[in-house]
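Visitor: Provided herewith: query.txt, compact mmCIF, N, CA and C atoms.
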# COMPACT_ATOMS: atom_id res chain seq x y z
N MET R 2 0.85 -1.18 0.00
CA MET R 2 0.00 0.00 0.00
C MET R 2 0.90 1.24 0.00
N ILE R 3 0.54 2.21 -0.82
CA ILE R 3 1.32 3.44 -0.96
C ILE R 3 0.90 4.44 0.11
N LYS R 4 1.88 5.12 0.70
CA LYS R 4 1.61 6.10 1.75
C LYS R 4 1.04 7.39 1.15
N GLN R 5 0.31 8.13 1.98
CA GLN R 5 -0.37 9.36 1.57
C GLN R 5 0.61 10.39 1.01
N ASP R 6 1.79 10.53 1.61
CA ASP R 6 2.79 11.49 1.12
C ASP R 6 3.21 11.16 -0.30
N LYS R 7 3.43 9.88 -0.56
CA LYS R 7 3.84 9.42 -1.89
C LYS R 7 2.72 9.66 -2.90
N ILE R 8 1.47 9.43 -2.48
CA ILE R 8 0.33 9.66 -3.38
C ILE R 8 0.27 11.12 -3.79
N LYS R 9 0.42 12.05 -2.83
CA LYS R 9 0.39 13.48 -3.16
C LYS R 9 1.54 13.85 -4.10
N GLU R 10 2.70 13.25 -3.89
CA GLU R 10 3.85 13.52 -4.75
C GLU R 10 3.58 13.04 -6.18
N ILE R 11 2.98 11.87 -6.32
CA ILE R 11 2.63 11.34 -7.65
C ILE R 11 1.63 12.25 -8.34
N ILE R 12 0.61 12.69 -7.60
CA ILE R 12 -0.41 13.58 -8.16
C ILE R 12 0.22 14.89 -8.60
N LEU R 13 1.06 15.49 -7.76
CA LEU R 13 1.69 16.77 -8.10
C LEU R 13 2.56 16.64 -9.34
N GLN R 14 3.36 15.60 -9.44
CA GLN R 14 4.19 15.40 -10.63
C GLN R 14 3.32 15.25 -11.88
N TYR R 15 2.25 14.48 -11.77
CA TYR R 15 1.34 14.29 -12.90
C TYR R 15 0.70 15.62 -13.32
N LEU R 16 0.21 16.38 -12.34
CA LEU R 16 -0.48 17.63 -12.65
C LEU R 16 0.47 18.69 -13.22
N ASN R 17 1.67 18.79 -12.68
CA ASN R 17 2.62 19.77 -13.21
C ASN R 17 2.91 19.52 -14.68
N LYS R 18 3.00 18.26 -15.06
CA LYS R 18 3.22 17.92 -16.47
C LYS R 18 1.96 18.13 -17.29
N GLU R 19 0.84 17.62 -16.80
CA GLU R 19 -0.43 17.68 -17.53
C GLU R 19 -0.90 19.12 -17.73
N GLU R 20 -0.75 19.95 -16.72
CA GLU R 20 -1.22 21.34 -16.78
C GLU R 20 -0.16 22.29 -17.34
N GLU R 21 1.02 21.76 -17.67
CA GLU R 21 2.13 22.55 -18.20
C GLU R 21 2.45 23.73 -17.29
N ALA R 22 2.68 23.41 -16.01
CA ALA R 22 2.98 24.43 -15.00
C ALA R 22 4.32 25.09 -15.31
N GLY R 23 4.43 26.36 -14.93
CA GLY R 23 5.66 27.12 -15.11
C GLY R 23 5.43 28.35 -15.94
N ASN R 24 6.53 28.95 -16.39
CA ASN R 24 6.46 30.17 -17.21
C ASN R 24 6.03 29.84 -18.63
N SER R 25 5.28 30.76 -19.22
CA SER R 25 4.87 30.59 -20.61
C SER R 25 4.59 31.96 -21.20
N SER R 26 4.44 31.96 -22.50
CA SER R 26 4.03 33.19 -23.17
C SER R 26 3.00 32.82 -24.22
N GLY R 27 1.98 33.64 -24.32
CA GLY R 27 0.91 33.38 -25.28
C GLY R 27 1.29 33.82 -26.68
N GLY R 28 0.34 33.71 -27.58
CA GLY R 28 0.57 34.08 -28.97
C GLY R 28 0.92 35.55 -29.14
N SER R 29 0.46 36.38 -28.20
CA SER R 29 0.75 37.81 -28.29
C SER R 29 2.08 38.16 -27.63
N GLY R 30 2.72 37.16 -27.00
CA GLY R 30 4.01 37.40 -26.37
C GLY R 30 3.94 37.83 -24.92
N HIS R 31 2.73 37.92 -24.36
CA HIS R 31 2.60 38.31 -22.96
C HIS R 31 2.98 37.14 -22.05
N MET R 32 3.68 37.46 -20.98
CA MET R 32 4.17 36.43 -20.05
C MET R 32 3.09 36.01 -19.06
N ALA R 33 3.18 34.74 -18.65
CA ALA R 33 2.26 34.19 -17.65
C ALA R 33 2.99 33.12 -16.85
N PHE R 34 2.48 32.87 -15.66
CA PHE R 34 3.01 31.78 -14.83
C PHE R 34 1.83 30.95 -14.36
N LYS R 35 1.88 29.65 -14.65
CA LYS R 35 0.81 28.73 -14.28
C LYS R 35 1.33 27.82 -13.17
N SER R 36 0.53 27.69 -12.10
CA SER R 36 0.93 26.82 -10.99
C SER R 36 -0.23 25.91 -10.59
N VAL R 37 0.13 24.79 -9.98
CA VAL R 37 -0.84 23.82 -9.49
C VAL R 37 -0.71 23.76 -7.98
N GLY R 38 -1.83 23.79 -7.29
CA GLY R 38 -1.78 23.73 -5.83
C GLY R 38 -3.10 23.34 -5.23
N SER R 39 -3.19 23.47 -3.94
CA SER R 39 -4.40 23.16 -3.17
C SER R 39 -4.93 21.76 -3.49
N ILE R 40 -4.03 20.80 -3.54
CA ILE R 40 -4.43 19.43 -3.83
C ILE R 40 -5.11 18.85 -2.58
N GLU R 41 -6.33 18.37 -2.79
CA GLU R 41 -7.10 17.78 -1.69
C GLU R 41 -7.56 16.39 -2.11
N ILE R 42 -7.12 15.40 -1.40
CA ILE R 42 -7.54 14.03 -1.70
C ILE R 42 -8.92 13.82 -1.08
N ILE R 43 -9.88 13.50 -1.93
CA ILE R 43 -11.26 13.30 -1.50
C ILE R 43 -11.49 11.86 -1.05
N ASP R 44 -10.95 10.92 -1.84
CA ASP R 44 -11.17 9.51 -1.52
C ASP R 44 -10.00 8.69 -2.05
N THR R 45 -9.63 7.67 -1.31
CA THR R 45 -8.59 6.73 -1.72
C THR R 45 -9.17 5.33 -1.58
N ILE R 46 -9.23 4.62 -2.70
CA ILE R 46 -9.82 3.28 -2.71
C ILE R 46 -8.69 2.29 -2.97
N PHE R 47 -8.27 1.58 -1.92
CA PHE R 47 -7.19 0.61 -2.03
C PHE R 47 -7.75 -0.73 -2.49
N GLN R 48 -7.12 -1.29 -3.52
CA GLN R 48 -7.47 -2.62 -3.98
C GLN R 48 -6.21 -3.48 -3.87
N LYS R 49 -6.25 -4.71 -4.31
CA LYS R 49 -5.11 -5.62 -4.11
C LYS R 49 -3.81 -5.07 -4.70
N ILE R 50 -3.81 -4.72 -5.98
CA ILE R 50 -2.56 -4.30 -6.62
C ILE R 50 -2.64 -2.89 -7.21
N GLN R 51 -3.73 -2.20 -6.95
CA GLN R 51 -3.87 -0.84 -7.48
C GLN R 51 -4.69 0.02 -6.52
N THR R 52 -4.56 1.32 -6.71
CA THR R 52 -5.25 2.28 -5.85
C THR R 52 -5.88 3.36 -6.72
N GLN R 53 -7.15 3.66 -6.47
CA GLN R 53 -7.82 4.75 -7.16
C GLN R 53 -7.87 5.94 -6.21
N ILE R 54 -7.46 7.11 -6.71
CA ILE R 54 -7.46 8.32 -5.91
C ILE R 54 -8.34 9.35 -6.60
N ILE R 55 -9.28 9.91 -5.85
CA ILE R 55 -10.13 10.99 -6.34
C ILE R 55 -9.68 12.24 -5.60
N PHE R 56 -9.42 13.30 -6.35
CA PHE R 56 -8.84 14.50 -5.74
C PHE R 56 -9.34 15.77 -6.42
N LYS R 57 -9.19 16.88 -5.70
CA LYS R 57 -9.48 18.21 -6.24
C LYS R 57 -8.17 19.00 -6.23
N TYR R 58 -8.07 19.96 -7.14
CA TYR R 58 -6.88 20.80 -7.18
C TYR R 58 -7.21 22.13 -7.86
N ARG R 59 -6.30 23.08 -7.70
CA ARG R 59 -6.48 24.41 -8.29
C ARG R 59 -5.31 24.74 -9.21
N VAL R 60 -5.65 25.26 -10.38
CA VAL R 60 -4.66 25.81 -11.31
C VAL R 60 -4.80 27.32 -11.23
N THR R 61 -3.69 28.00 -10.98
CA THR R 61 -3.67 29.46 -10.89
C THR R 61 -2.79 30.01 -12.00
N ILE R 62 -3.29 31.06 -12.67
CA ILE R 62 -2.54 31.68 -13.75
C ILE R 62 -2.35 33.16 -13.43
N GLU R 63 -1.09 33.53 -13.28
CA GLU R 63 -0.74 34.93 -13.07
C GLU R 63 -0.14 35.46 -14.37
N THR R 64 -0.57 36.63 -14.76
CA THR R 64 -0.04 37.25 -15.98
C THR R 64 0.68 38.54 -15.60
N GLU R 65 1.29 39.14 -16.58
CA GLU R 65 1.96 40.42 -16.31
C GLU R 65 0.96 41.52 -15.99
N PHE R 66 -0.32 41.24 -16.20
CA PHE R 66 -1.38 42.21 -15.90
C PHE R 66 -2.05 41.93 -14.55
N THR R 67 -1.58 40.94 -13.82
CA THR R 67 -2.16 40.59 -12.53
C THR R 67 -1.77 41.63 -11.49
N TYR R 68 -2.76 42.17 -10.81
CA TYR R 68 -2.51 43.06 -9.67
C TYR R 68 -3.75 43.03 -8.78
N TYR R 69 -3.51 43.17 -7.49
CA TYR R 69 -4.59 43.10 -6.50
C TYR R 69 -5.07 44.49 -6.15
N PRO R 70 -6.31 44.70 -5.84
CA PRO R 70 -7.40 43.73 -5.85
C PRO R 70 -8.17 43.72 -7.17
N ASP R 71 -7.82 44.61 -8.07
CA ASP R 71 -8.63 44.81 -9.28
C ASP R 71 -8.51 43.71 -10.33
N ASN R 72 -7.37 43.11 -10.46
CA ASN R 72 -7.16 42.09 -11.49
C ASN R 72 -6.38 40.90 -10.90
N PRO R 73 -7.04 40.11 -10.05
CA PRO R 73 -6.34 38.98 -9.40
C PRO R 73 -6.02 37.88 -10.41
N PRO R 74 -5.20 36.92 -10.01
CA PRO R 74 -4.90 35.79 -10.91
C PRO R 74 -6.17 35.02 -11.26
N TYR R 75 -6.15 34.41 -12.44
CA TYR R 75 -7.23 33.51 -12.82
C TYR R 75 -7.04 32.20 -12.07
N PHE R 76 -8.14 31.54 -11.73
CA PHE R 76 -8.01 30.21 -11.14
C PHE R 76 -9.09 29.30 -11.69
N TYR R 77 -8.76 28.03 -11.69
CA TYR R 77 -9.66 26.97 -12.12
C TYR R 77 -9.57 25.85 -11.09
N ASP R 78 -10.69 25.46 -10.51
CA ASP R 78 -10.74 24.33 -9.58
C ASP R 78 -11.27 23.12 -10.33
N TYR R 79 -10.55 22.00 -10.22
CA TYR R 79 -10.91 20.78 -10.93
C TYR R 79 -11.05 19.60 -9.96
N LYS R 80 -11.75 18.59 -10.44
CA LYS R 80 -11.84 17.31 -9.75
C LYS R 80 -11.43 16.24 -10.77
N GLN R 81 -10.64 15.27 -10.31
CA GLN R 81 -10.17 14.23 -11.22
C GLN R 81 -9.84 12.98 -10.42
N SER R 82 -9.64 11.88 -11.11
CA SER R 82 -9.21 10.65 -10.45
C SER R 82 -8.05 10.04 -11.23
N ILE R 83 -7.22 9.28 -10.52
CA ILE R 83 -6.16 8.52 -11.17
C ILE R 83 -6.13 7.13 -10.56
N LEU R 84 -5.62 6.20 -11.33
CA LEU R 84 -5.45 4.82 -10.88
C LEU R 84 -3.96 4.52 -10.93
N ILE R 85 -3.39 4.12 -9.79
CA ILE R 85 -1.96 3.82 -9.74
C ILE R 85 -1.74 2.40 -9.24
N ASN R 86 -0.59 1.82 -9.62
CA ASN R 86 -0.26 0.49 -9.11
C ASN R 86 0.58 0.63 -7.85
N ASP R 87 0.98 -0.50 -7.28
CA ASP R 87 1.72 -0.48 -6.02
C ASP R 87 3.12 0.10 -6.14
N CYS R 88 3.61 0.25 -7.38
CA CYS R 88 4.92 0.87 -7.62
C CYS R 88 4.80 2.38 -7.80
N GLY R 89 3.57 2.89 -7.80
CA GLY R 89 3.35 4.33 -7.96
C GLY R 89 3.24 4.77 -9.40
N GLU R 90 3.12 3.83 -10.32
CA GLU R 90 2.97 4.17 -11.74
C GLU R 90 1.50 4.44 -12.03
N ILE R 91 1.25 5.47 -12.82
CA ILE R 91 -0.13 5.82 -13.19
C ILE R 91 -0.60 4.88 -14.29
N LEU R 92 -1.70 4.19 -14.02
CA LEU R 92 -2.27 3.24 -14.97
C LEU R 92 -3.35 3.88 -15.83
N ASN R 93 -4.10 4.80 -15.23
CA ASN R 93 -5.22 5.42 -15.94
C ASN R 93 -5.57 6.73 -15.25
N THR R 94 -6.13 7.66 -16.01
CA THR R 94 -6.61 8.92 -15.45
C THR R 94 -8.06 9.14 -15.85
N GLY R 95 -8.81 9.72 -14.93
CA GLY R 95 -10.21 10.00 -15.20
C GLY R 95 -10.37 11.37 -15.85
N GLU R 96 -11.59 11.66 -16.23
CA GLU R 96 -11.91 12.94 -16.86
C GLU R 96 -11.71 14.08 -15.86
N LYS R 97 -11.15 15.18 -16.35
CA LYS R 97 -10.95 16.38 -15.53
C LYS R 97 -12.26 17.18 -15.57
N ILE R 98 -12.82 17.45 -14.40
CA ILE R 98 -14.11 18.15 -14.31
C ILE R 98 -13.89 19.52 -13.68
N LEU R 99 -14.31 20.57 -14.40
CA LEU R 99 -14.20 21.94 -13.89
C LEU R 99 -15.27 22.16 -12.83
N LEU R 100 -14.84 22.55 -11.62
CA LEU R 100 -15.77 22.81 -10.53
C LEU R 100 -16.08 24.28 -10.37
N LYS R 101 -15.05 25.14 -10.55
CA LYS R 101 -15.23 26.56 -10.28
C LYS R 101 -14.10 27.34 -10.95
N THR R 102 -14.40 28.57 -11.36
CA THR R 102 -13.39 29.47 -11.91
C THR R 102 -13.82 30.91 -11.67
N ASN R 103 -12.85 31.82 -11.71
CA ASN R 103 -13.17 33.24 -11.66
C ASN R 103 -13.03 33.87 -13.04
N MET R 104 -12.77 33.06 -14.03
CA MET R 104 -12.64 33.52 -15.41
C MET R 104 -14.03 33.71 -16.02
N GLU R 105 -14.20 34.84 -16.67
CA GLU R 105 -15.50 35.09 -17.32
C GLU R 105 -15.44 34.56 -18.73
N PHE R 106 -16.46 33.78 -19.10
CA PHE R 106 -16.51 33.19 -20.45
C PHE R 106 -17.42 34.00 -21.33
Represent the supplied structure as structure tokens.

Guide:
Amino acid sequence: MIKQDKIKEIILQYLNKEEEAGNSSGGSGHMAFKSVGSIEIIDTIFQKIQTQIIFKYRVTIETEFTYYPDNPPYFYDYKQSILINDCGEILNTGEKILLKTNMEF
């Protein structure tokens, strides 16, 4: 059975890659920084050789135009699940569901 600390580490590594966290620039050349945080494990279902984890997390995007309080960073709260084996390898990922955002569509 995988420990909770290791599970959070696996999730964070997966999300940083999947969400392309870090510095970026858009088509117009404006700079932005995307980060992943506030990871909350909702449920952990242990089976014989695999574990399903359901979790929530937040993606935050700061741009060169971000300033408080008038123009705070954009955020997106998601819920997702992953299936990992006893070695900590990701076997499958569930659909990413948007729960909340401050972005106007």

Visitor: With all atoms listed in the file as the basis for distance, which of R:Ile50, R:Ala22, R:Ile42, R:Ile11 is at the shortest distance from Ile85 (chain R)?

Guide: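 Residue with the minimum atom-to-atom distance to Ile85 (chain R): R:Ile50.
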
Visitor: Atom N of Thr102 (chain R) and atom N of Tyr15 (chain R) are how many Å apart?

Guide: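 Answer for the atom N of Thr102 (chain R) to atom N of Tyr15 (chain R) separation: 21.8 Å.
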
Visitor: Using only C-alpha atoms, can you tell me which of R:Thr45, R:Gly89, R:Val60, R:Glu65 comes closest to Tyr77 (chain R)?

Guide: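 Under the stated criterion, the closest residue is R:Val60.
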
Visitor: Taking the chain letters and numbering used in this document, name the residues of chain R that DSSP puts in strand (DSSP E or B), as a PyMOL selection string.

Guide: chain R and resi 23-26+32-47+51-64+68+72+75-86+91-94+98-102

Visitor: Of the residues R:Ile40, R:Ile83, R:Ile12, R:Ile62, which is the one nearest to Ser26 (chain R), using only C-alpha atoms?

Guide: R:Ile62

Visitor: Report the distance between CA of Glu63 (chain R) and atom C of Ile98 (chain R) in Å, rounded to one decimal place.

Guide: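 These atoms are spaced 20.3 Å apart.
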
Visitor: Can you tell me how far CA of Lys97 (chain R) sits from atom C of Lys80 (chain R), in Å to one decimal?

Guide: 4.8 Å

Visitor: May I ask which of the residues R:Gln14, R:Gln81, R:Gln5, R:Ser29 is the closest one to Phe56 (chain R), counting only N, CA and C atoms?

Guide: R:Gln81

Visitor: Would you give me, as a VMD selection string, the residues in region 4-106 of chain R that DSSP reads as helix (DSSP H, G or I)?

Guide: chain R and resid 5 to 19
